[in-house]
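> Sharing work24.cif (mmCIF, C-alpha atoms) below.
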```cif
data_coords
loop_
_atom_site.label_atom_id
_atom_site.label_comp_id
_atom_site.auth_asym_id
_atom_site.auth_seq_id
_atom_site.Cartn_x
_atom_site.Cartn_y
_atom_site.Cartn_z
CA MET O 1 -6.89 -1.63 -15.15
CA SER O 2 -10.41 -0.43 -15.89
CA THR O 3 -11.55 -4.03 -16.47
CA ALA O 4 -10.55 -5.06 -12.98
CA LEU O 5 -12.06 -2.03 -11.27
CA GLY O 6 -15.24 -1.56 -13.25
CA ARG O 7 -16.17 1.36 -15.49
CA THR O 8 -13.50 4.00 -16.02
CA GLU O 9 -15.61 6.77 -14.49
CA GLY O 10 -15.91 4.87 -11.20
CA ARG O 11 -12.66 3.00 -10.92
CA ALA O 12 -10.80 5.55 -8.78
CA ALA O 13 -13.50 5.37 -6.10
CA ALA O 14 -13.60 1.56 -6.38
CA LEU O 15 -9.84 1.37 -5.90
CA CYS O 16 -9.93 3.66 -2.88
CA GLN O 17 -12.66 1.54 -1.31
CA TYR O 18 -10.76 -1.68 -2.11
CA THR O 19 -7.64 -0.39 -0.37
CA GLY O 20 -9.49 0.86 2.69
CA HIS O 21 -9.21 4.58 1.89
CA LEU O 22 -12.90 5.18 2.53
CA GLY O 23 -12.45 8.90 3.09
CA ALA O 24 -11.23 9.29 -0.48
CA VAL O 25 -14.39 7.83 -2.03
CA HIS O 26 -16.26 11.14 -1.60
CA SER O 27 -13.29 13.46 -2.15
CA PRO O 28 -13.30 14.97 -5.67
CA ALA O 29 -9.71 16.22 -5.39
CA THR O 30 -8.42 12.82 -4.28
CA LEU O 31 -10.32 10.90 -6.95
CA ALA O 32 -9.05 13.28 -9.65
CA VAL O 33 -5.41 12.61 -8.68
CA VAL O 34 -5.95 8.84 -8.41
CA GLU O 35 -7.74 8.70 -11.76
CA GLY O 36 -5.00 10.80 -13.35
CA ALA O 37 -2.37 8.31 -12.18
CA LEU O 38 -4.42 5.28 -13.28
CA GLY O 39 -5.11 6.70 -16.73
CA PHE O 40 -1.48 7.67 -17.21
CA ALA O 41 -0.23 4.22 -16.17
CA GLU O 42 -2.79 2.45 -18.33
CA ASN O 43 -1.73 4.38 -21.43
CA ARG O 44 1.99 3.71 -21.11
CA ASP O 45 3.10 1.84 -24.25
CA ASP O 46 6.48 0.82 -22.81
CA VAL O 47 5.05 -1.67 -20.27
CA ASN O 48 5.07 -5.32 -21.30
CA ASP O 49 3.60 -6.63 -18.05
CA VAL O 50 1.17 -4.61 -15.94
CA ARG O 51 2.69 -6.23 -12.85
CA GLU O 52 5.67 -3.91 -13.31
CA PHE O 53 3.57 -1.30 -11.54
CA GLU O 54 3.49 -3.46 -8.40
CA ASP O 55 7.01 -2.14 -7.78
CA LEU O 56 5.31 1.13 -6.81
CA TRP O 57 4.62 -0.49 -3.43
CA SER O 58 8.32 0.24 -2.77
CA ALA O 59 8.06 3.91 -3.70
CA SER O 60 8.41 5.14 -0.10
CA ALA O 61 11.79 3.43 0.17
CA LEU O 62 13.07 4.90 -3.08
CA TRP O 63 11.31 8.05 -4.27
CA GLY O 64 12.49 11.29 -2.73
CA HIS O 65 15.73 9.85 -1.35
CA LEU O 66 19.03 11.55 -2.12
CA PRO O 67 21.61 9.47 -4.02
CA SER O 68 24.29 8.04 -1.75
CA GLU O 69 27.73 6.68 -2.49
CA HIS O 70 27.17 4.11 0.26
CA VAL O 71 23.74 2.80 -0.81
CA THR O 72 22.64 1.79 -4.29
CA LEU O 73 18.87 2.08 -4.61
CA PRO O 74 17.01 -0.31 -6.95
CA ASP O 75 15.84 1.10 -10.25
CA LEU O 76 12.06 1.51 -10.34
CA GLY O 77 12.06 1.52 -14.12
CA GLU O 78 11.06 4.19 -16.61
CA ALA O 79 7.29 3.61 -16.41
CA ASN O 80 7.13 3.67 -12.61
CA THR O 81 9.36 6.73 -12.45
CA ALA O 82 7.06 8.47 -14.91
CA VAL O 83 4.01 7.67 -12.73
CA LEU O 84 5.78 9.08 -9.67
CA GLU O 85 6.79 12.22 -11.55
CA LEU O 86 3.20 12.70 -12.69
CA LEU O 87 1.88 12.29 -9.14
CA GLN O 88 4.45 14.79 -7.88
CA TYR O 89 3.30 17.26 -10.54
CA LEU O 90 -0.43 16.75 -9.92
CA LEU O 91 -0.08 17.17 -6.16
CA GLU O 92 2.27 20.16 -6.31
CA ARG O 93 -0.15 22.12 -8.49
CA LEU O 94 -3.10 21.64 -6.13
CA ALA O 95 -4.39 24.64 -4.21
CA PRO O 96 -3.56 24.48 -0.47
CA GLU O 97 -7.12 23.52 0.53
CA GLU O 98 -7.23 20.83 -2.16
CA LEU O 99 -3.96 19.35 -0.94
CA ARG O 100 -5.38 19.21 2.58
CA GLU O 101 -8.50 17.50 1.21
CA VAL O 102 -6.37 14.84 -0.48
CA ALA O 103 -4.36 14.32 2.70
CA ILE O 104 -7.57 13.77 4.66
CA GLY O 105 -9.06 11.57 1.95
CA MET O 106 -5.97 9.36 1.85
CA SER O 107 -5.74 9.29 5.68
CA VAL O 108 -2.06 10.15 5.38
CA GLU O 109 -0.28 9.10 8.56
CA GLN O 110 1.59 11.43 10.86
CA HIS O 111 4.77 9.34 11.02
CA VAL O 112 4.85 9.00 7.21
CA VAL O 113 4.75 12.76 6.81
CA GLY O 114 7.53 12.96 9.40
CA LEU O 115 9.71 10.60 7.35
CA ALA O 116 8.97 12.60 4.23
CA LEU O 117 9.85 15.86 6.00
CA GLU O 118 13.27 14.54 6.94
CA LEU O 119 13.92 13.63 3.30
CA VAL O 120 12.71 17.01 2.06
CA GLU O 121 14.97 18.73 4.58
CA GLU O 122 17.94 16.58 3.52
CA THR O 123 17.33 17.54 -0.09
CA ALA O 124 17.14 21.23 0.83
CA HIS O 125 20.38 21.02 2.85
CA GLY O 126 22.21 18.76 0.42
CA GLY O 127 22.31 15.82 2.84
CA PRO O 128 21.69 14.80 6.47
CA GLU O 129 23.14 16.97 9.22
CA PHE O 130 24.61 15.25 12.28
CA ARG O 131 26.93 16.96 14.71
CA ALA O 132 27.33 14.33 17.45
CA GLY O 133 30.82 12.99 18.05
CA SER O 134 29.84 9.90 20.05
CA MET O 135 27.18 7.19 20.03
CA ALA O 136 25.54 8.66 23.15
CA GLY O 137 25.54 12.08 21.57
CA PHE O 138 24.10 10.64 18.37
CA GLU O 139 21.24 8.96 20.27
CA GLU O 140 20.47 12.19 22.09
CA GLU O 141 20.53 14.11 18.84
CA MET O 142 18.13 11.61 17.24
CA LEU O 143 15.66 11.98 20.14
CA LEU O 144 15.78 15.75 19.88
CA ASN O 145 15.34 15.47 16.12
CA ASP O 146 12.25 13.29 16.55
CA ASP O 147 10.69 15.95 18.79
CA ARG O 148 11.61 18.69 16.33
CA VAL O 149 10.15 16.80 13.36
CA GLY O 150 6.97 16.06 15.29
CA ASP O 151 6.50 19.75 16.09
CA ALA O 152 7.22 20.69 12.47
CA VAL O 153 4.63 18.21 11.16
CA ASP O 154 2.03 19.55 13.61
CA VAL O 155 2.23 22.88 11.78
CA LEU O 156 0.21 21.22 9.00
CA VAL O 157 -2.59 20.61 11.49
CA TRP O 158 -2.60 23.92 13.36
CA ASP O 159 -1.87 26.37 10.55
CA ALA O 160 -4.17 27.26 7.67
CA PRO O 161 -3.13 25.47 4.44
CA GLY O 162 -2.28 28.77 2.78
CA ASP O 163 0.23 29.47 5.57
CA TRP O 164 2.09 26.14 5.40
CA PRO O 165 5.87 26.53 5.10
CA SER O 166 7.34 25.20 1.86
CA LEU O 167 9.20 22.32 3.54
CA GLN O 168 6.10 21.03 5.32
CA ARG O 169 4.00 21.34 2.17
CA GLY O 170 6.71 19.50 0.23
CA ALA O 171 6.73 16.73 2.83
CA LEU O 172 2.96 16.31 2.58
CA VAL O 173 3.21 16.12 -1.21
CA LEU O 174 5.95 13.48 -1.00
CA ALA O 175 3.99 11.38 1.50
CA LEU O 176 0.94 11.50 -0.76
CA VAL O 177 3.02 10.52 -3.78
CA TRP O 178 4.01 7.36 -1.89
CA GLU O 179 0.44 6.60 -0.79
CA ILE O 180 -1.24 7.10 -4.17
CA ALA O 181 1.55 5.28 -6.01
CA ALA O 182 0.76 2.26 -3.83
CA LEU O 183 -2.84 2.41 -5.08
CA VAL O 184 -1.56 2.07 -8.65
CA GLY O 185 0.33 -1.02 -7.48
CA TYR O 186 -2.90 -2.55 -6.12
CA ALA O 187 -4.69 -1.73 -9.37
CA ALA O 188 -1.93 -3.54 -11.27
CA GLU O 189 -2.32 -6.59 -9.02
CA LEU O 190 -6.03 -6.73 -9.82
CA ALA O 191 -5.51 -6.13 -13.53
CA ALA O 192 -2.88 -8.89 -13.79
CA ALA O 193 -5.23 -11.55 -12.41
CA PRO O 194 -6.78 -13.80 -15.09
CA GLY O 195 -10.23 -13.05 -13.70
CA ARG O 196 -12.14 -12.31 -10.55
CA PRO O 197 -11.82 -15.27 -8.17
CA ALA O 198 -14.96 -17.19 -7.28
CA GLU O 199 -16.39 -15.94 -4.00
CA LEU O 200 -16.29 -18.28 -1.02
CA LEU O 201 -19.09 -18.63 1.50
CA TRP O 202 -17.53 -16.73 4.37
CA GLN O 203 -18.57 -17.24 7.96
CA ALA O 204 -18.17 -14.22 10.24
CA ALA O 205 -17.25 -15.31 13.75
CA GLY O 206 -16.82 -11.63 14.63
CA THR O 207 -16.15 -8.31 13.01
CA GLY O 208 -12.42 -9.02 13.10
CA HIS O 209 -12.46 -12.61 11.82
CA LEU O 210 -13.90 -14.45 8.82
CA CYS O 211 -13.36 -18.00 7.62
CA ALA O 212 -14.43 -20.20 4.73
CA SER O 213 -13.70 -23.76 3.62
CA VAL O 214 -13.50 -25.65 0.34
CA ARG O 215 -12.36 -29.14 -0.69
CA VAL O 216 -9.29 -29.23 -2.89
CA PRO O 217 -8.75 -32.22 -5.22
CA VAL O 218 -5.23 -33.16 -4.21
CA PRO O 219 -4.26 -36.79 -4.92
CA GLY O 220 -6.43 -38.99 -2.76
CA PRO O 221 -9.58 -37.81 -0.95
CA GLY O 222 -10.41 -34.11 -1.23
CA VAL O 223 -8.69 -32.08 1.45
CA LEU O 224 -10.71 -29.51 3.36
CA VAL O 225 -8.87 -26.18 3.11
CA TRP O 226 -9.80 -23.37 5.46
CA ALA O 227 -9.24 -19.76 4.45
CA SER O 228 -9.15 -17.21 7.25
CA ILE O 229 -9.11 -13.42 7.40
CA ASP O 230 -8.22 -11.60 10.59
CA ARG O 231 -7.90 -7.98 11.59
CA LYS O 232 -4.30 -7.15 12.49
CA GLU O 233 -2.91 -4.63 14.91
CA PHE O 234 -2.33 -1.31 13.20
CA GLU O 235 -0.61 1.54 14.99
CA GLY O 236 -0.75 4.18 12.29
CA ARG O 237 -2.51 7.44 13.15
CA PRO O 238 -3.88 9.87 10.56
CA LEU O 239 -2.28 13.30 10.60
CA PHE O 240 -5.68 14.99 10.41
CA SER O 241 -8.35 14.07 12.94
CA GLN O 242 -11.10 14.26 10.30
CA ALA O 243 -9.54 11.35 8.38
CA VAL O 244 -10.81 7.77 8.43
CA HIS O 245 -8.51 5.46 10.35
CA LEU O 246 -6.79 2.87 8.20
CA GLY O 247 -6.24 -0.76 9.15
CA ALA O 248 -4.62 -4.03 8.12
CA TRP O 249 -6.01 -7.50 7.55
CA GLY O 250 -4.12 -10.77 7.35
CA TRP O 251 -5.14 -13.85 5.39
CA SER O 252 -4.04 -17.45 5.69
CA LEU O 253 -4.86 -20.98 4.52
CA ASP O 254 -4.66 -24.14 6.59
CA TRP O 255 -5.43 -27.79 5.95
CA GLN O 256 -4.35 -31.34 6.76
CA THR O 257 -2.60 -33.55 4.26
CA THR O 258 -3.92 -37.07 3.63
CA ASP O 259 -1.58 -38.46 6.32
CA GLY O 260 -2.97 -36.00 8.90
CA THR O 261 -0.06 -33.56 8.87
CA PRO O 262 -1.30 -30.02 9.57
CA VAL O 263 -0.24 -27.33 7.13
CA LEU O 264 -0.55 -23.59 7.78
CA TYR O 265 0.16 -21.08 5.06
CA THR O 266 0.29 -17.49 6.25
CA GLY O 267 -0.38 -15.59 3.08
CA GLY O 268 0.26 -12.03 4.14
CA ARG O 269 -1.66 -8.82 4.64
CA GLY O 270 -4.02 -6.58 2.79
CA PRO O 271 -4.92 -2.93 3.39
CA SER O 272 -8.58 -3.82 3.89
CA ARG O 273 -10.83 -6.77 4.56
CA MET O 274 -11.87 -6.67 0.92
CA ALA O 275 -8.27 -6.89 -0.31
CA ALA O 276 -7.37 -9.71 2.10
CA ARG O 277 -10.48 -11.60 1.05
CA TRP O 278 -9.64 -11.21 -2.65
CA ARG O 279 -6.12 -12.55 -2.11
CA ALA O 280 -7.35 -15.52 -0.08
CA GLU O 281 -9.99 -16.38 -2.67
CA ARG O 282 -7.46 -16.15 -5.46
CA ALA O 283 -5.11 -18.52 -3.63
CA VAL O 284 -7.95 -21.01 -3.06
CA GLN O 285 -8.97 -20.77 -6.71
CA ASP O 286 -5.41 -21.57 -7.79
CA LEU O 287 -5.40 -24.56 -5.44
CA LEU O 288 -8.60 -25.84 -6.99
CA ALA O 289 -7.25 -25.41 -10.52
CA ASP O 290 -3.94 -27.19 -9.90
CA PRO O 291 -2.77 -27.65 -6.29
CA TYR O 292 0.87 -28.22 -7.21
CA ARG O 293 1.13 -25.15 -9.44
CA ALA O 294 -0.64 -22.78 -7.06
CA LYS O 295 1.41 -19.87 -5.74
CA SER O 296 0.81 -17.12 -3.24
CA PRO O 297 -0.58 -14.03 -4.99
CA VAL O 298 1.75 -11.95 -2.83
CA SER O 299 5.10 -13.71 -2.44
CA ASP O 300 4.90 -16.06 -5.46
CA ASP O 301 5.79 -18.97 -3.14
CA TRP O 302 4.41 -22.45 -3.89
CA LEU O 303 1.37 -23.21 -1.72
CA LEU O 304 2.14 -26.94 -1.84
CA PRO O 305 5.58 -28.51 -2.33
CA PRO O 306 5.92 -30.33 -5.66
CA PRO O 307 5.14 -34.08 -5.37
#
```
Go ahead and express the file in the form of structure tokens.

Amino acid sequence: MSTALGRTEGRAAALCQYTGHLGAVHSPATLAVVEGALGFAENRDDVNDVREFEDLWSASALWGHLPSEHVTLPDLGEANTAVLELLQYLLERLAPEELREVAIGMSVEQHVVGLALELVEETAHGGPEFRAGSMAGFEEEMLLNDDRVGDAVDVLVWDAPGDWPSLQRGALVLALVWEIAALVGYAAELAAAPGRPAELLWQAAGTGHLCASVRVPVPGPGVLVWASIDRKEFEGRPLFSQAVHLGAWGWSLDWQTTDGTPVLYTGGRGPSRMAARWRAERAVQDLLADPYRAKSPVSDDWLLPPP
């Protein structure tokens, strides 16, 4: 992982910048936790493929959830579980002010902390608590619950960190475990790549749009492939007003086949313009190397159908 992100002493900051967490770049507490997770993951000797850590992108759907007889959750694997346990430990032992610093550095979102609080409460109570006896009653209860959770999360903003109730502090820890685990997933994606993709000559039509083109040697005349990066709508709101707002960027490829048929490949999203650009450039590089063996760096889909 250090090879992909530069020198070990600067890789945590580089990863935070790559994923759009700009507030974390100058936060010592945040960088210490991120570096701790990266170093721990890198030194695991039970991982055959670093891409196993990409499963940490699913941590929010799995970690912190109570077992259920009705739902079987996927197994994250021993290495990923160990990373999550380490993150839980590192965050729980932080002083209240340090935990707040990490939350601001990671721009943790209000609704994510709300989701985490509901899980923490379920764990404390041994399961969800619903009293409604009808669908209408259930809907009303859910609306009231949303208001209650929102008020409970706001305690983290209005109260001093040393006065945070244990459930709210636990929810903030859980939300940060999810967020920082995702960073380890992005580091794994970078580390798994055979090398840094060649940079394209990007044209900026505006702050929210970039495009570049390159000719790909498919059978017949070279096809002009356009790579595009666009800012996407992002509704997330940081819990703390001092935090940097996060965003989302989409990337896509489009071209015309030799018979004039237009082809559009919507690649997916990245947490920052830098990440979306890297994914687009990697896809173009794979097309240049062998168009019919090139796959999306995100979904693993073929970019071109086999001839």
> What's the 9 Å shell around Arg169 in chain O, counting all atoms listed in the file, without same-chain residues fewer than 3 positions away, as number ranges by chain?
O: 92, 96, 99, 117, 156, 161, 164-166, 172-174
> Tell me which protein, DNA and RNA residues are within 6 Å of range 251-267 of chain O, counting all atoms listed in the file, leaving out same-chain ones fewer than 6 positions away, and put them as a PyMOL selection string.
chain O and resi 225-229+276
> Pick out the closest residue to Ala191 in chain O from this set: O:Glu97, O:Glu42, O:Asp146, O:Glu9. Count all atoms listed in the file.
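The closest residue to Ala191 in chain O is O:Glu42.
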> Could you check which of O:Trp158, O:Phe40, O:Trp178, O:Tyr18 is closest to Leu91 in chain O, using all atoms listed in the file?
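When distances to Leu91 in chain O are compared using all atoms listed in the file, the smallest one comes from O:Trp178.
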> With the PyMOL selection byres ((chain O and resi 211) around 9) as the selection, what would be picked from this file? Answer as a list in words, please.
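Matching residues under the PyMOL selection byres ((chain O and resi 211) around 9) are Leu201, Trp202, Gln203, Ala204, Ala205, His209, Leu210, Ala212, Ser213, Trp226, Ala227, Ser228, Ile229 and Asp230 of chain O.
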> Take the residues that were just selected and, keeping C-alpha atoms, output them as a PDB file, in the coordinates of the input.

```
ATOM      1  CA  LEU O 201     -19.090 -18.630   1.500  1.00  0.00           C
ATOM      2  CA  TRP O 202     -17.530 -16.730   4.370  1.00  0.00           C
ATOM      3  CA  GLN O 203     -18.570 -17.240   7.960  1.00  0.00           C
ATOM      4  CA  ALA O 204     -18.170 -14.220  10.240  1.00  0.00           C
ATOM      5  CA  ALA O 205     -17.250 -15.310  13.750  1.00  0.00           C
ATOM      6  CA  HIS O 209     -12.460 -12.610  11.820  1.00  0.00           C
ATOM      7  CA  LEU O 210     -13.900 -14.450   8.820  1.00  0.00           C
ATOM      8  CA  ALA O 212     -14.430 -20.200   4.730  1.00  0.00           C
ATOM      9  CA  SER O 213     -13.700 -23.760   3.620  1.00  0.00           C
ATOM     10  CA  TRP O 226      -9.800 -23.370   5.460  1.00  0.00           C
ATOM     11  CA  ALA O 227      -9.240 -19.760   4.450  1.00  0.00           C
ATOM     12  CA  SER O 228      -9.150 -17.210   7.250  1.00  0.00           C
ATOM     13  CA  ILE O 229      -9.110 -13.420   7.400  1.00  0.00           C
ATOM     14  CA  ASP O 230      -8.220 -11.600  10.590  1.00  0.00           C
TER      15      ASP O 230
END
```
> Need to verify the contact set: range 83-87 of chain O, 7 Å, all atoms listed in the file, exclusion of same-chain residues closer than 2 positions in sequence. Can you return it as a PDB file with C-alpha atoms, keeping the file's coordinate frame?

```pdb
ATOM      1  CA  ALA O  37      -2.370   8.310 -12.180  1.00  0.00           C
ATOM      2  CA  ALA O  41      -0.230   4.220 -16.170  1.00  0.00           C
ATOM      3  CA  ALA O  79       7.290   3.610 -16.410  1.00  0.00           C
ATOM      4  CA  ASN O  80       7.130   3.670 -12.610  1.00  0.00           C
ATOM      5  CA  THR O  81       9.360   6.730 -12.450  1.00  0.00           C
ATOM      6  CA  TYR O  89       3.300  17.260 -10.540  1.00  0.00           C
ATOM      7  CA  LEU O  90      -0.430  16.750  -9.920  1.00  0.00           C
ATOM      8  CA  LEU O  91      -0.080  17.170  -6.160  1.00  0.00           C
ATOM      9  CA  VAL O 177       3.020  10.520  -3.780  1.00  0.00           C
ATOM     10  CA  ALA O 181       1.550   5.280  -6.010  1.00  0.00           C
TER      11      ALA O 181
END
```
> Under the rule that all atoms listed in the file are counted, which of O:Ala243, O:Ala95, O:Trp63, O:Leu190 is the nearest residue to Arg11 in chain O?
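Ranking O:Ala243, O:Ala95, O:Trp63, O:Leu190 by distance to Arg11 in chain O, first place goes to O:Leu190.
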> Written as a PDB file with C-alpha atoms, keeping the file's coordinate frame, what is the full residue list that the PyMOL selection byres ((chain O and resi 152) around 12) yields on the file shown?

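As written to disk, out_29.pdb reads:
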```pdb
ATOM      1  CA  GLN O 110       1.590  11.430  10.860  1.00  0.00           C
ATOM      2  CA  HIS O 111       4.770   9.340  11.020  1.00  0.00           C
ATOM      3  CA  VAL O 113       4.750  12.760   6.810  1.00  0.00           C
ATOM      4  CA  GLY O 114       7.530  12.960   9.400  1.00  0.00           C
ATOM      5  CA  LEU O 115       9.710  10.600   7.350  1.00  0.00           C
ATOM      6  CA  ALA O 116       8.970  12.600   4.230  1.00  0.00           C
ATOM      7  CA  LEU O 117       9.850  15.860   6.000  1.00  0.00           C
ATOM      8  CA  GLU O 118      13.270  14.540   6.940  1.00  0.00           C
ATOM      9  CA  GLU O 121      14.970  18.730   4.580  1.00  0.00           C
ATOM     10  CA  ASN O 145      15.340  15.470  16.120  1.00  0.00           C
ATOM     11  CA  ASP O 146      12.250  13.290  16.550  1.00  0.00           C
ATOM     12  CA  ASP O 147      10.690  15.950  18.790  1.00  0.00           C
ATOM     13  CA  ARG O 148      11.610  18.690  16.330  1.00  0.00           C
ATOM     14  CA  VAL O 149      10.150  16.800  13.360  1.00  0.00           C
ATOM     15  CA  GLY O 150       6.970  16.060  15.290  1.00  0.00           C
ATOM     16  CA  ASP O 151       6.500  19.750  16.090  1.00  0.00           C
ATOM     17  CA  VAL O 153       4.630  18.210  11.160  1.00  0.00           C
ATOM     18  CA  ASP O 154       2.030  19.550  13.610  1.00  0.00           C
ATOM     19  CA  VAL O 155       2.230  22.880  11.780  1.00  0.00           C
ATOM     20  CA  LEU O 156       0.210  21.220   9.000  1.00  0.00           C
ATOM     21  CA  VAL O 157      -2.590  20.610  11.490  1.00  0.00           C
ATOM     22  CA  TRP O 158      -2.600  23.920  13.360  1.00  0.00           C
ATOM     23  CA  ASP O 159      -1.870  26.370  10.550  1.00  0.00           C
ATOM     24  CA  TRP O 164       2.090  26.140   5.400  1.00  0.00           C
ATOM     25  CA  PRO O 165       5.870  26.530   5.100  1.00  0.00           C
ATOM     26  CA  SER O 166       7.340  25.200   1.860  1.00  0.00           C
ATOM     27  CA  LEU O 167       9.200  22.320   3.540  1.00  0.00           C
ATOM     28  CA  GLN O 168       6.100  21.030   5.320  1.00  0.00           C
ATOM     29  CA  ARG O 169       4.000  21.340   2.170  1.00  0.00           C
ATOM     30  CA  ALA O 171       6.730  16.730   2.830  1.00  0.00           C
ATOM     31  CA  LEU O 172       2.960  16.310   2.580  1.00  0.00           C
TER      32      LEU O 172
END
```
> Give me, as a list in words, all polymer residues having an atom no more than 7 Å from range 22-25 of chain O, counting all atoms listed in the file and skipping those fewer than 2 positions away in the same chain.
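Returned residues: Ala13, Cys16, Gln17, Gly20, Ser27, Thr30, Leu31, Gly105, Met106, Ala243 and Val244 of chain O.
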> Could you please fill out range 287-303 of chain O with N, CA, C and O atoms and send it back as a PDB file, in the frame of the given file?

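The resulting part-v1.pdb:
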```pdb
ATOM      1  N   LEU O 287      -5.497 -23.210  -5.993  1.00  0.00           N
ATOM      2  CA  LEU O 287      -5.400 -24.560  -5.440  1.00  0.00           C
ATOM      3  C   LEU O 287      -6.385 -25.496  -6.105  1.00  0.00           C
ATOM      4  O   LEU O 287      -6.072 -26.660  -6.402  1.00  0.00           O
ATOM      5  N   LEU O 288      -7.585 -25.014  -6.345  1.00  0.00           N
ATOM      6  CA  LEU O 288      -8.600 -25.840  -6.990  1.00  0.00           C
ATOM      7  C   LEU O 288      -8.218 -26.171  -8.429  1.00  0.00           C
ATOM      8  O   LEU O 288      -8.472 -27.261  -8.922  1.00  0.00           O
ATOM      9  N   ALA O 289      -7.606 -25.205  -9.120  1.00  0.00           N
ATOM     10  CA  ALA O 289      -7.250 -25.410 -10.520  1.00  0.00           C
ATOM     11  C   ALA O 289      -6.111 -26.413 -10.666  1.00  0.00           C
ATOM     12  O   ALA O 289      -6.161 -27.309 -11.513  1.00  0.00           O
ATOM     13  N   ASP O 290      -5.084 -26.285  -9.853  1.00  0.00           N
ATOM     14  CA  ASP O 290      -3.940 -27.190  -9.900  1.00  0.00           C
ATOM     15  C   ASP O 290      -3.142 -27.009  -8.614  1.00  0.00           C
ATOM     16  O   ASP O 290      -2.344 -26.082  -8.506  1.00  0.00           O
ATOM     17  N   PRO O 291      -3.376 -27.858  -7.609  1.00  0.00           N
ATOM     18  CA  PRO O 291      -2.770 -27.650  -6.290  1.00  0.00           C
ATOM     19  C   PRO O 291      -1.255 -27.501  -6.324  1.00  0.00           C
ATOM     20  O   PRO O 291      -0.692 -26.725  -5.547  1.00  0.00           O
ATOM     21  N   TYR O 292      -0.592 -28.222  -7.231  1.00  0.00           N
ATOM     22  CA  TYR O 292       0.870 -28.220  -7.210  1.00  0.00           C
ATOM     23  C   TYR O 292       1.477 -27.136  -8.098  1.00  0.00           C
ATOM     24  O   TYR O 292       2.695 -27.036  -8.236  1.00  0.00           O
ATOM     25  N   ARG O 293       0.630 -26.305  -8.685  1.00  0.00           N
ATOM     26  CA  ARG O 293       1.130 -25.150  -9.440  1.00  0.00           C
ATOM     27  C   ARG O 293       0.635 -23.839  -8.827  1.00  0.00           C
ATOM     28  O   ARG O 293       0.891 -22.764  -9.350  1.00  0.00           O
ATOM     29  N   ALA O 294      -0.080 -23.964  -7.704  1.00  0.00           N
ATOM     30  CA  ALA O 294      -0.640 -22.780  -7.060  1.00  0.00           C
ATOM     31  C   ALA O 294       0.433 -22.034  -6.273  1.00  0.00           C
ATOM     32  O   ALA O 294       1.211 -22.633  -5.531  1.00  0.00           O
ATOM     33  N   LYS O 295       0.442 -20.710  -6.436  1.00  0.00           N
ATOM     34  CA  LYS O 295       1.410 -19.870  -5.740  1.00  0.00           C
ATOM     35  C   LYS O 295       0.685 -18.778  -4.981  1.00  0.00           C
ATOM     36  O   LYS O 295      -0.442 -18.408  -5.302  1.00  0.00           O
ATOM     37  N   SER O 296       1.353 -18.251  -3.978  1.00  0.00           N
ATOM     38  CA  SER O 296       0.810 -17.120  -3.240  1.00  0.00           C
ATOM     39  C   SER O 296       0.697 -15.925  -4.170  1.00  0.00           C
ATOM     40  O   SER O 296       1.627 -15.622  -4.921  1.00  0.00           O
ATOM     41  N   PRO O 297      -0.451 -15.228  -4.152  1.00  0.00           N
ATOM     42  CA  PRO O 297      -0.580 -14.030  -4.990  1.00  0.00           C
ATOM     43  C   PRO O 297       0.290 -12.876  -4.533  1.00  0.00           C
ATOM     44  O   PRO O 297       0.409 -11.871  -5.223  1.00  0.00           O
ATOM     45  N   VAL O 298       0.922 -13.020  -3.368  1.00  0.00           N
ATOM     46  CA  VAL O 298       1.750 -11.950  -2.830  1.00  0.00           C
ATOM     47  C   VAL O 298       3.237 -12.253  -3.003  1.00  0.00           C
ATOM     48  O   VAL O 298       3.987 -11.495  -3.611  1.00  0.00           O
ATOM     49  N   SER O 299       3.671 -13.404  -2.454  1.00  0.00           N
ATOM     50  CA  SER O 299       5.100 -13.710  -2.440  1.00  0.00           C
ATOM     51  C   SER O 299       5.544 -14.569  -3.606  1.00  0.00           C
ATOM     52  O   SER O 299       6.739 -14.740  -3.843  1.00  0.00           O
ATOM     53  N   ASP O 300       4.591 -15.152  -4.351  1.00  0.00           N
ATOM     54  CA  ASP O 300       4.900 -16.060  -5.460  1.00  0.00           C
ATOM     55  C   ASP O 300       5.481 -17.385  -4.969  1.00  0.00           C
ATOM     56  O   ASP O 300       6.039 -18.142  -5.751  1.00  0.00           O
ATOM     57  N   ASP O 301       5.338 -17.685  -3.675  1.00  0.00           N
ATOM     58  CA  ASP O 301       5.790 -18.970  -3.140  1.00  0.00           C
ATOM     59  C   ASP O 301       4.782 -20.060  -3.530  1.00  0.00           C
ATOM     60  O   ASP O 301       3.586 -19.813  -3.665  1.00  0.00           O
ATOM     61  N   TRP O 302       5.293 -21.305  -3.637  1.00  0.00           N
ATOM     62  CA  TRP O 302       4.410 -22.450  -3.890  1.00  0.00           C
ATOM     63  C   TRP O 302       3.545 -22.684  -2.638  1.00  0.00           C
ATOM     64  O   TRP O 302       4.040 -22.674  -1.522  1.00  0.00           O
ATOM     65  N   LEU O 303       2.234 -22.909  -2.844  1.00  0.00           N
ATOM     66  CA  LEU O 303       1.370 -23.210  -1.720  1.00  0.00           C
ATOM     67  C   LEU O 303       1.563 -24.652  -1.241  1.00  0.00           C
ATOM     68  O   LEU O 303       1.436 -24.950  -0.062  1.00  0.00           O
TER      69      LEU O 303
END
```
